[in-house]
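Structure file entry.txt with compact mmCIF, C-alpha atoms and all ligand atoms:
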```txt
# COMPACT_ATOMS: atom_id res chain seq x y z
CA MET A 867 10.98 -15.41 -5.82
CA THR A 868 13.93 -15.24 -8.16
CA PHE A 869 12.37 -12.37 -10.06
CA PHE A 870 11.57 -10.62 -6.81
CA LYS A 871 15.14 -10.96 -5.57
CA ASN A 872 16.41 -9.53 -8.87
CA ILE A 873 14.09 -6.57 -8.46
CA LEU A 874 15.25 -6.06 -4.88
CA ALA A 875 18.88 -6.15 -5.98
CA GLY A 876 18.12 -3.92 -8.97
CA THR A 877 16.28 -1.32 -6.92
CA ALA A 878 18.99 -1.23 -4.27
CA ALA A 879 21.69 -0.95 -6.94
CA LEU A 880 19.81 1.78 -8.79
CA THR A 881 19.31 3.83 -5.64
CA SER A 882 22.94 3.54 -4.62
CA LEU A 883 24.05 4.38 -8.15
CA VAL A 884 21.88 7.50 -8.31
CA GLY A 885 23.13 8.39 -4.85
CA LEU A 886 26.81 7.94 -5.63
CA SER A 887 26.76 9.61 -9.04
CA THR A 888 24.79 12.63 -7.87
CA PHE A 889 27.01 12.95 -4.85
CA ALA A 890 30.01 12.97 -7.17
CA LEU A 891 28.35 15.42 -9.59
CA ALA A 892 27.37 17.75 -6.81
CA ASP A 893 30.95 17.81 -5.56
CA GLY A 894 31.40 20.93 -3.54
CA ALA A 895 27.70 21.43 -2.94
CA GLN A 896 27.22 21.37 0.78
CA GLY A 897 24.53 19.09 2.12
CA HIS A 898 22.03 21.10 4.05
CA GLY A 899 22.73 18.99 7.11
CA THR A 900 19.23 17.82 7.78
CA GLN A 901 16.10 17.45 5.72
CA THR A 902 14.31 16.82 8.94
CA HIS A 903 12.30 19.94 9.51
CA GLY A 904 9.52 21.90 7.88
CA THR A 905 11.67 24.81 6.84
CA ALA A 906 13.49 22.70 4.21
CA ASN A 907 12.43 23.12 0.57
CA ALA A 908 9.92 21.06 -1.41
CA ALA A 909 12.57 18.40 -2.13
CA GLY A 910 13.00 17.71 1.59
CA HIS A 911 10.45 14.89 1.67
CA ALA A 912 10.20 11.57 -0.14
CA PRO A 913 7.42 10.94 -2.70
CA LEU A 914 4.03 11.18 -0.95
CA GLY A 915 3.40 7.42 -0.96
CA VAL A 916 6.46 6.68 1.21
CA MET A 917 5.48 6.60 4.90
CA GLY A 918 7.93 7.37 7.68
CA ASP A 919 10.51 8.78 5.26
CA HIS A 920 11.70 11.68 7.42
CA MET A 921 12.27 12.71 11.02
CA HIS A 922 11.82 15.98 12.86
CA GLU A 923 14.10 18.01 15.10
CA ALA A 924 13.50 18.01 18.85
CA GLY A 925 10.17 19.62 19.69
CA GLY A 926 8.92 19.42 16.08
CA TRP A 927 5.33 18.49 15.26
CA MET A 928 3.68 17.64 11.95
CA LEU A 929 0.12 16.95 10.87
CA SER A 930 -0.73 15.27 7.57
CA VAL A 931 -3.76 14.21 5.58
CA ARG A 932 -3.49 11.91 2.59
CA ALA A 933 -6.24 10.68 0.29
CA MET A 934 -5.67 7.65 -1.94
CA HIS A 935 -7.78 6.22 -4.73
CA MET A 936 -6.91 2.79 -6.14
CA ALA A 937 -8.57 1.02 -9.06
CA MET A 938 -8.52 -2.65 -10.01
CA ASP A 939 -9.87 -4.06 -13.24
CA GLY A 940 -10.12 -7.64 -14.53
CA ASN A 941 -8.35 -10.73 -13.21
CA LEU A 942 -5.01 -12.50 -13.25
CA MET A 943 -4.05 -16.13 -12.82
CA GLY A 944 -0.43 -15.84 -11.76
CA SER A 945 0.75 -13.13 -14.16
CA ASP A 946 -1.67 -13.92 -17.04
CA GLU A 947 -4.92 -12.08 -17.66
CA VAL A 948 -7.89 -14.46 -17.54
CA SER A 949 -11.47 -14.24 -18.82
CA ASP A 950 -14.66 -14.91 -16.85
CA ALA A 951 -15.03 -18.22 -18.76
CA GLU A 952 -11.56 -19.34 -17.62
CA ILE A 953 -12.39 -18.42 -14.02
CA THR A 954 -15.75 -20.24 -13.97
CA ALA A 955 -13.90 -23.35 -15.24
CA GLN A 956 -11.92 -23.38 -11.95
CA PRO A 957 -13.05 -25.55 -9.00
CA ASN A 958 -14.85 -24.03 -6.01
CA ARG A 959 -12.99 -24.99 -2.81
CA PHE A 960 -16.31 -25.03 -0.92
CA PHE A 961 -17.93 -27.66 -3.21
CA GLY A 962 -19.55 -30.21 -0.91
CA VAL A 963 -20.96 -27.57 1.43
CA PRO A 964 -24.78 -27.51 0.84
CA GLY A 965 -25.69 -25.06 -1.94
CA GLN A 966 -22.11 -24.66 -3.22
CA PRO A 967 -21.55 -25.32 -6.96
CA ALA A 968 -18.60 -27.38 -8.23
CA GLY A 969 -16.93 -24.41 -9.92
CA LEU A 970 -16.43 -20.69 -9.27
CA ARG A 971 -19.58 -18.80 -10.29
CA VAL A 972 -19.09 -15.22 -9.08
CA VAL A 973 -16.41 -13.19 -10.89
CA PRO A 974 -15.06 -9.80 -9.69
CA GLN A 975 -15.06 -7.20 -12.49
CA GLU A 976 -13.86 -3.92 -11.01
CA MET A 977 -12.86 -2.71 -7.59
CA THR A 978 -12.00 0.63 -6.07
CA MET A 979 -10.46 1.44 -2.71
CA ASP A 980 -10.50 4.92 -1.23
CA MET A 981 -8.51 5.75 1.86
CA LEU A 982 -8.24 8.89 3.95
CA MET A 983 -5.14 8.82 6.16
CA VAL A 984 -4.66 11.26 9.00
CA GLY A 985 -1.24 11.34 10.62
CA GLY A 986 0.65 13.07 13.36
CA MET A 987 4.39 13.24 14.07
CA TYR A 988 6.24 14.51 17.12
CA ALA A 989 9.93 14.49 17.97
CA PRO A 990 10.62 14.45 21.73
CA THR A 991 14.33 14.55 20.90
CA ASP A 992 16.57 14.79 17.82
CA TRP A 993 17.18 11.05 17.51
CA LEU A 994 13.55 9.97 17.94
CA THR A 995 10.37 10.87 16.04
CA LEU A 996 7.02 9.35 17.00
CA MET A 997 4.26 8.79 14.45
CA VAL A 998 0.61 7.82 14.58
CA MET A 999 -1.72 7.30 11.62
CA GLY A 1000 -5.42 6.52 11.45
CA MET A 1001 -7.32 5.73 8.28
CA TYR A 1002 -10.84 5.67 6.94
CA VAL A 1003 -11.42 3.11 4.19
CA GLU A 1004 -14.10 2.58 1.54
CA ARG A 1005 -14.09 -0.48 -0.69
CA GLU A 1006 -16.42 -1.16 -3.58
CA MET A 1007 -16.43 -4.19 -5.88
CA SER A 1008 -18.66 -4.99 -8.86
CA LEU A 1009 -19.19 -8.67 -9.67
CA THR A 1010 -20.98 -10.90 -12.18
CA THR A 1011 -22.84 -14.04 -11.07
CA TYR A 1012 -23.13 -17.03 -13.42
CA ALA A 1013 -25.74 -19.80 -13.16
CA ALA A 1014 -24.87 -22.73 -10.88
CA MET A 1015 -25.58 -25.40 -13.50
CA ASN A 1016 -24.43 -23.45 -16.58
CA PRO A 1017 -21.56 -20.97 -16.30
CA SER A 1018 -22.31 -19.53 -19.74
CA VAL A 1019 -25.54 -18.04 -18.38
CA VAL A 1020 -25.30 -14.70 -16.56
CA VAL A 1021 -27.63 -14.50 -13.54
CA GLY A 1022 -26.86 -10.82 -12.97
CA ASN A 1023 -24.43 -8.19 -11.73
CA PHE A 1024 -24.15 -6.72 -8.24
CA THR A 1025 -21.94 -4.44 -6.18
CA SER A 1026 -20.65 -5.01 -2.67
CA LYS A 1027 -19.38 -2.22 -0.43
CA SER A 1028 -17.71 -1.76 2.91
CA LYS A 1029 -16.55 1.36 4.71
CA GLY A 1030 -15.27 2.41 8.10
CA TRP A 1031 -12.11 2.99 10.11
CA GLY A 1032 -9.17 0.81 9.17
CA ASP A 1033 -6.18 -0.25 11.28
CA THR A 1034 -4.18 2.31 13.26
CA LYS A 1035 -0.41 2.55 12.95
CA VAL A 1036 2.02 3.84 15.54
CA ALA A 1037 5.76 4.00 15.00
CA GLY A 1038 9.01 5.29 16.35
CA LEU A 1039 11.73 6.45 13.96
CA ILE A 1040 15.23 6.18 15.39
CA ARG A 1041 18.07 8.08 13.76
CA LEU A 1042 21.18 6.04 13.02
CA TYR A 1043 23.21 8.37 10.83
CA GLU A 1044 23.07 12.00 9.76
CA GLU A 1045 25.99 13.52 7.89
CA ASN A 1046 26.93 15.27 4.64
CA GLY A 1047 23.47 14.99 3.15
CA HIS A 1048 23.04 11.32 4.07
CA HIS A 1049 20.48 10.17 6.59
CA ILE A 1050 19.54 6.71 7.87
CA HIS A 1051 16.85 5.79 10.37
CA VAL A 1052 15.15 2.67 11.65
CA ASN A 1053 11.34 2.42 11.52
CA LEU A 1054 9.82 0.50 14.43
CA GLY A 1055 6.09 0.31 13.79
CA VAL A 1056 3.08 -1.56 15.09
CA SER A 1057 -0.31 -1.83 13.38
CA LEU A 1058 -3.27 -2.05 15.78
CA PRO A 1059 -6.37 -4.01 14.66
CA THR A 1060 -8.91 -1.19 14.87
CA GLY A 1061 -10.47 -2.04 11.47
CA SER A 1062 -13.47 -4.38 11.26
CA ILE A 1063 -13.04 -7.89 9.81
CA GLU A 1064 -16.76 -8.74 10.07
CA GLU A 1065 -18.18 -6.50 7.32
CA LYS A 1066 -21.31 -7.84 5.60
CA ASP A 1067 -23.25 -6.97 2.46
CA GLU A 1068 -25.74 -8.51 0.07
CA VAL A 1069 -24.51 -10.85 -2.67
CA LEU A 1070 -26.26 -12.44 -5.66
CA THR A 1071 -25.92 -16.24 -5.52
CA PRO A 1072 -25.63 -18.57 -8.55
CA MET A 1073 -29.17 -19.76 -7.64
CA GLY A 1074 -30.43 -16.22 -8.28
CA MET A 1075 -31.04 -15.36 -4.62
CA VAL A 1076 -29.91 -12.21 -2.84
CA MET A 1077 -28.47 -12.96 0.58
CA GLU A 1078 -26.57 -11.03 3.21
CA THR A 1079 -23.26 -12.60 4.14
CA ARG A 1080 -19.81 -11.80 5.49
CA LEU A 1081 -17.70 -10.31 2.70
CA PRO A 1082 -14.45 -11.92 1.49
CA TYR A 1083 -11.10 -10.95 3.04
CA SER A 1084 -10.21 -8.31 0.42
CA MET A 1085 -13.37 -6.36 1.31
CA GLN A 1086 -12.66 -6.27 5.05
CA LEU A 1087 -11.38 -3.03 6.60
CA GLY A 1088 -8.53 -4.30 8.76
CA SER A 1089 -6.15 -7.21 9.24
CA GLY A 1090 -7.63 -8.21 12.59
CA THR A 1091 -4.09 -8.89 13.86
CA TYR A 1092 -1.42 -6.91 15.64
CA ASP A 1093 1.34 -6.48 13.07
CA LEU A 1094 4.97 -5.55 13.55
CA GLU A 1095 6.26 -3.14 10.91
CA PRO A 1096 10.04 -2.90 11.13
CA GLY A 1097 11.95 -1.05 8.44
CA ILE A 1098 15.00 0.95 7.54
CA THR A 1099 15.09 4.17 5.55
CA TYR A 1100 17.97 5.89 3.78
CA THR A 1101 17.70 9.34 2.22
CA GLY A 1102 20.27 11.57 0.63
CA HIS A 1103 20.42 14.88 -1.15
CA ALA A 1104 22.96 17.02 -2.94
CA GLY A 1105 22.16 20.22 -4.80
CA LYS A 1106 18.87 19.86 -6.64
CA LEU A 1107 18.91 16.07 -6.43
CA GLY A 1108 17.39 13.84 -3.79
CA TRP A 1109 17.18 10.05 -3.50
CA GLY A 1110 16.39 7.37 -1.02
CA SER A 1111 15.26 3.84 -0.34
CA GLN A 1112 13.19 2.09 2.27
CA VAL A 1113 12.72 -1.56 3.10
CA LYS A 1114 9.78 -2.47 5.32
CA ALA A 1115 8.25 -5.70 6.57
CA THR A 1116 4.78 -6.42 7.94
CA ILE A 1117 4.86 -9.38 10.31
CA ARG A 1118 1.48 -10.69 11.56
CA LEU A 1119 1.51 -11.68 15.22
CA GLY A 1120 -0.67 -14.80 15.29
CA GLU A 1121 -4.19 -15.13 13.87
CA ASN A 1122 -7.16 -12.82 14.43
CA ASP A 1123 -10.34 -13.73 16.36
CA GLN A 1124 -11.90 -15.06 13.13
CA ASP A 1125 -9.04 -17.60 12.80
CA TRP A 1126 -7.01 -16.13 9.92
CA ALA A 1127 -4.12 -13.80 9.26
CA LEU A 1128 -3.03 -11.94 6.13
CA GLY A 1129 0.36 -13.07 4.84
CA ASP A 1130 3.56 -11.39 5.95
CA LYS A 1131 4.67 -8.69 3.56
CA TRP A 1132 8.02 -7.27 2.41
CA GLU A 1133 8.20 -3.96 0.60
CA LEU A 1134 11.19 -2.28 -0.97
CA THR A 1135 11.13 1.10 -2.63
CA GLY A 1136 13.74 3.41 -4.13
CA TRP A 1137 13.34 6.90 -5.56
CA GLY A 1138 15.07 9.87 -7.05
CA SER A 1139 13.88 13.48 -7.10
CA TYR A 1140 14.86 16.72 -8.78
CA ALA A 1141 14.08 20.20 -7.43
CA LEU A 1142 12.63 22.19 -10.33
CA ALA A 1143 12.57 25.17 -7.95
CA ASP A 1144 12.74 25.71 -4.21
CA TRP A 1145 8.98 25.26 -3.99
CA VAL A 1146 8.51 22.22 -6.27
CA SER A 1147 10.29 18.92 -6.85
CA ALA A 1148 9.49 16.00 -9.16
CA SER A 1149 10.11 12.34 -8.30
CA LEU A 1150 10.29 8.89 -9.89
CA ARG A 1151 9.97 5.78 -7.76
CA VAL A 1152 10.13 1.98 -8.02
CA LYS A 1153 8.31 -0.18 -5.50
CA ALA A 1154 8.45 -3.97 -5.16
CA GLU A 1155 6.45 -6.07 -2.75
CA PHE A 1156 6.16 -9.72 -1.82
CA GLU A 1157 3.24 -10.93 0.27
CA GLY A 1158 2.33 -14.40 1.52
CA LYS A 1159 -1.06 -16.15 1.27
CA ILE A 1160 -3.66 -15.86 4.02
CA ASP A 1161 -3.08 -18.32 6.87
CA GLY A 1162 -6.15 -20.02 8.33
CA ILE A 1163 -9.73 -19.48 7.16
CA ASP A 1164 -12.84 -17.61 8.33
CA GLY A 1165 -15.64 -20.20 8.58
CA SER A 1166 -18.24 -17.47 7.82
CA ILE A 1167 -16.77 -16.72 4.38
CA VAL A 1168 -18.13 -19.47 2.11
CA LEU A 1169 -18.82 -18.28 -1.44
CA PRO A 1170 -18.09 -19.55 -4.99
CA VAL A 1171 -15.79 -16.58 -5.66
CA GLN A 1172 -11.97 -16.43 -5.88
CA THR A 1173 -11.72 -13.86 -3.06
CA ALA A 1174 -13.27 -16.30 -0.55
CA ASP A 1175 -10.27 -18.64 -0.94
CA PRO A 1176 -7.30 -17.74 1.34
CA ASP A 1177 -4.93 -19.26 -1.25
CA ASN A 1178 -5.84 -16.48 -3.71
CA TYR A 1179 -3.99 -13.79 -1.74
CA GLY A 1180 -0.48 -12.40 -1.84
CA GLY A 1181 2.20 -12.63 -4.50
CA GLU A 1182 4.69 -10.32 -6.14
CA ARG A 1183 4.14 -6.87 -7.58
CA VAL A 1184 6.39 -4.16 -8.97
CA GLU A 1185 5.10 -0.64 -9.45
CA LEU A 1186 6.40 2.67 -10.84
CA GLY A 1187 5.40 6.01 -9.39
CA ALA A 1188 5.71 9.62 -10.53
CA GLY A 1189 5.09 12.46 -8.14
CA LEU A 1190 5.35 16.15 -7.31
CA ASN A 1191 6.03 17.76 -3.94
CA PHE A 1192 5.22 21.41 -3.30
CA GLN A 1193 6.06 23.68 -0.42
CA VAL A 1194 4.26 27.02 -0.28
CA PRO A 1195 7.04 29.70 -0.22
CA ASP A 1196 5.09 32.59 1.35
CA GLY A 1197 1.65 33.91 2.20
CA ALA A 1198 -0.84 32.58 4.74
CA LEU A 1199 0.09 28.96 3.95
CA ALA A 1200 3.86 29.51 3.95
CA GLY A 1201 5.65 26.25 4.78
CA HIS A 1202 2.65 24.02 4.11
CA ARG A 1203 3.39 21.06 1.87
CA PHE A 1204 1.22 19.52 -0.82
CA GLY A 1205 2.05 16.37 -2.71
CA VAL A 1206 0.69 14.08 -5.39
CA GLU A 1207 1.89 10.70 -6.61
CA ALA A 1208 0.47 8.37 -9.27
CA VAL A 1209 1.47 4.69 -9.28
CA VAL A 1210 1.02 2.00 -11.95
CA PRO A 1211 1.98 -1.70 -11.76
CA VAL A 1212 4.57 -2.88 -14.28
CA TYR A 1213 4.72 -6.49 -13.11
CA GLU A 1214 2.36 -8.70 -11.14
CA ASP A 1215 2.68 -12.39 -10.34
CA ARG A 1216 -0.10 -13.26 -7.91
CA ASN A 1217 -0.91 -16.42 -5.96
CA GLY A 1218 -3.86 -18.20 -7.63
CA ILE A 1219 -6.57 -15.99 -9.15
CA GLN A 1220 -6.73 -12.33 -8.16
CA MET A 1221 -7.93 -9.00 -9.44
CA GLN A 1222 -5.45 -7.04 -11.53
CA ARG A 1223 -4.30 -3.70 -10.18
CA ASP A 1224 -4.88 -0.80 -12.55
CA TRP A 1225 -3.52 2.42 -11.03
CA SER A 1226 -3.59 4.48 -7.87
CA VAL A 1227 -3.14 8.12 -7.05
CA MET A 1228 -2.49 9.86 -3.75
CA VAL A 1229 -2.82 13.52 -2.86
CA GLY A 1230 -1.83 14.99 0.47
CA TRP A 1231 -1.17 17.94 2.73
CA GLN A 1232 1.50 18.20 5.43
CA ASN A 1233 2.34 20.96 7.85
CA ALA A 1234 5.21 20.99 10.34
CA PHE A 1235 5.36 23.43 13.26
CU CU B 1301 6.84 14.80 9.40
```

Please express the file's structure as structure tokens.
Ligand SMILES: [Cu+2]
Amino acid sequence: MTFFKNILAGTAALTSLVGLSTFALADGAQGHGTQTHGTANAAGHAPLGVMGDHMHEAGGWMLSVRAMHMAMDGNLMGSDEVSDAEITAQPNRFFGVPGQPAGLRVVPQEMTMDMLMVGGMYAPTDWLTLMVMGMYVEREMSLTTYAAMNPSVVVGNFTSKSKGWGDTKVAGLIRLYEENGHHIHVNLGVSLPTGSIEEKDEVLTPMGMVMETRLPYSMQLGSGTYDLEPGITYTGHAGKLGWGSQVKATIRLGENDQDWALGDKWELTGWGSYALADWVSASLRVKAEFEGKIDGIDGSIVLPVQTADPDNYGGERVELGAGLNFQVPDGALAGHRFGVEAVVPVYEDRNGIQMQRDWSVMVGWQNAF
């Protein structure tokens, strides 16, 4: 927690510093008033991975499509990389249930998550922008199974997959401040549990049998709970420079119908951007998150694998992102925006044993009208 607080303080300080110094440097440069509508230049939006970063003027609409690919590779215990042998030396929390070995016997090797996010924005009035976002999710994990009685013997490898619609997010953005190139709004969001939490697939057991079972929590498509997503967003710009920060929480309202809930989450991000030209801007971003363990347990998820244990969820993570935003200057697609952002973790301290995040990349299209 101490490290996390330092990061929070550091990110906030960095963002304010960039903001203040650029504001001073750009002395005399008039802020363009609002960065809230589609006719602004490429620098008018935050890096692509920041959701709910901007508002629209009364009567404004926007459609967006984002695709994200995330890769995970290997495992961590806390913040240390661990081998399969170290993982199979750990106790299985389900030991005692018939057929369950004393230690962990199935070890995740690699995982990918692909998401397609489709969003709409509409501003009924200048101080309020409404947002809705649906997503389609595909998860794929490769795992190695070790023999029940001898963890040095490999039984085999297998892959489990899940895909379908994820949770749906709706939000209202309420403008608090808009002056001299500075903008602040509140994000009031709710996540609706439209994603399945009962996905099944075949797994290879330490006894060498293939059986169909409910997949662990990290392979499910939704949270199963209604979540509140309050946040606050600050953006600023002066001349060719832009910056901003956003703090957002995800608060789970009770447990889902399978008797568990993902941990509450806090995310803080800060970024700076530079307009290389009117039609293209480059950005750097820091993102920190803290997430709690899973509360409760799904009685249908009983497997000798780390991901079946609710204690092996949540933790701290700090990531760095680099991105580009484009806005087409003329032609048939004039005004359309395209963006890309790549993100890598620079620090992870996870609860228990978890897969290590490798990298993620997002590409997207946005059009306001
Ligand atoms: Cu928009």

Inset, instruction - Grab me every residue within 9 Å of ligand CU 1301 (chain B), counting all atoms listed in the file, and send it over as number ranges by chain. - result: A: 902-904, 911, 918-922, 926-930, 985-988, 995, 997, 1232-1234

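The residue set within 9 Å of Glu1064 of chain A, counting all atoms listed in the file and dropping same-chain residues fewer than 2 places from it, reads Ser1062, Lys1066, Arg1080, Leu1081, Gln1086, Leu1087 and Gln1124 of chain A.
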
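Each of A:Ala933, A:Val1184, A:Met981, A:Val973 was compared to Val948 of chain A using only C-alpha atoms, and A:Val973 turns out to be the nearest.
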
Inset, instruction - Find the residues near Val1146 of chain A: any atom within 7 Å, counting all atoms listed in the file, skip ones fewer than 2 places away on the same chain, and give them as a ChimeraX atom specification. - result: /A:908-909,1141-1144,1148,1190-1193

Legend entry - Selection near Val931 of chain A, 10 Å with all atoms listed in the file, sequence-local residues under 6 positions removed, as a PyMOL selection string: chain A and resi 982-986+999-1001+1204+1229-1233

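If only C-alpha atoms are the atoms counted, then among A:Leu1058, A:Ile1063, A:Ile1163, A:Leu1134 the closest residue to Glu1185 of chain A is A:Leu1134.
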
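Residues with any atom within 8 Å of Ala1014 of chain A, counting all atoms listed in the file and excluding same-chain neighbours fewer than 2 positions away, are Pro967, Arg971, Tyr1012, Asn1016, Pro1017, Pro1072 and Met1073 of chain A.
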
Save the residues we just selected, C-alpha atoms, as a PDB file, in the frame of the given file?
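again_23.pdb was written with the following content:
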```
ATOM      1  CA  PRO A 967     -21.550 -25.320  -6.960  1.00  0.00           C
ATOM      2  CA  ARG A 971     -19.580 -18.800 -10.290  1.00  0.00           C
ATOM      3  CA  TYR A1012     -23.130 -17.030 -13.420  1.00  0.00           C
ATOM      4  CA  ASN A1016     -24.430 -23.450 -16.580  1.00  0.00           C
ATOM      5  CA  PRO A1017     -21.560 -20.970 -16.300  1.00  0.00           C
ATOM      6  CA  PRO A1072     -25.630 -18.570  -8.550  1.00  0.00           C
ATOM      7  CA  MET A1073     -29.170 -19.760  -7.640  1.00  0.00           C
TER       8      MET A1073
END
```

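Computed from the coordinates, the atom CA of Met1077 of chain A to atom CA of Gly1022 of chain A distance equals 13.8 Å.
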
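The smallest atom-to-atom distance between Glu1214 of chain A and any of A:Ser1026, A:Thr1071, A:Asn941, A:Asn907, using only C-alpha atoms, is found for A:Asn941.
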
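When atom CA of Tyr1002 of chain A is paired with atom CA of Asp1161 of chain A, their separation reads 25.2 Å.
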
For a cut-off of 7 Å around (-6.5, -14.2, -11.6), file coordinates, pick out all residues using all atoms listed in the file and list them as an mmCIF file with C-alpha atoms, in the coordinates of the input.
```cif
data_model
loop_
_atom_site.group_PDB
_atom_site.id
_atom_site.type_symbol
_atom_site.label_atom_id
_atom_site.label_comp_id
_atom_site.auth_asym_id
_atom_site.auth_seq_id
_atom_site.Cartn_x
_atom_site.Cartn_y
_atom_site.Cartn_z
ATOM 1 C CA ASN A 941 -8.350 -10.730 -13.210
ATOM 2 C CA LEU A 942 -5.010 -12.500 -13.250
ATOM 3 C CA MET A 943 -4.050 -16.130 -12.820
ATOM 4 C CA GLY A 944 -0.430 -15.840 -11.760
ATOM 5 C CA GLU A 947 -4.920 -12.080 -17.660
ATOM 6 C CA VAL A 948 -7.890 -14.460 -17.540
ATOM 7 C CA GLY A 1218 -3.860 -18.200 -7.630
ATOM 8 C CA ILE A 1219 -6.570 -15.990 -9.150
ATOM 9 C CA GLN A 1220 -6.730 -12.330 -8.160
ATOM 10 C CA MET A 1221 -7.930 -9.000 -9.440
#
```

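The closest residue to Met934 of chain A, picked from A:Lys1153, A:Ala1208, A:Asn1217, A:Leu1009 and counting only C-alpha atoms, is A:Ala1208.
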
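Counting only C-alpha atoms, the residue from A:Gln1172, A:Thr1099, A:Gln966, A:Ser1018 that sits nearest to Gly1136 of chain A is A:Thr1099.
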
Legend entry - Interatomic distance, atom CA of Ile1160 of chain A to atom CA of Trp1132 of chain A (Å, one decimal): 14.6 Å
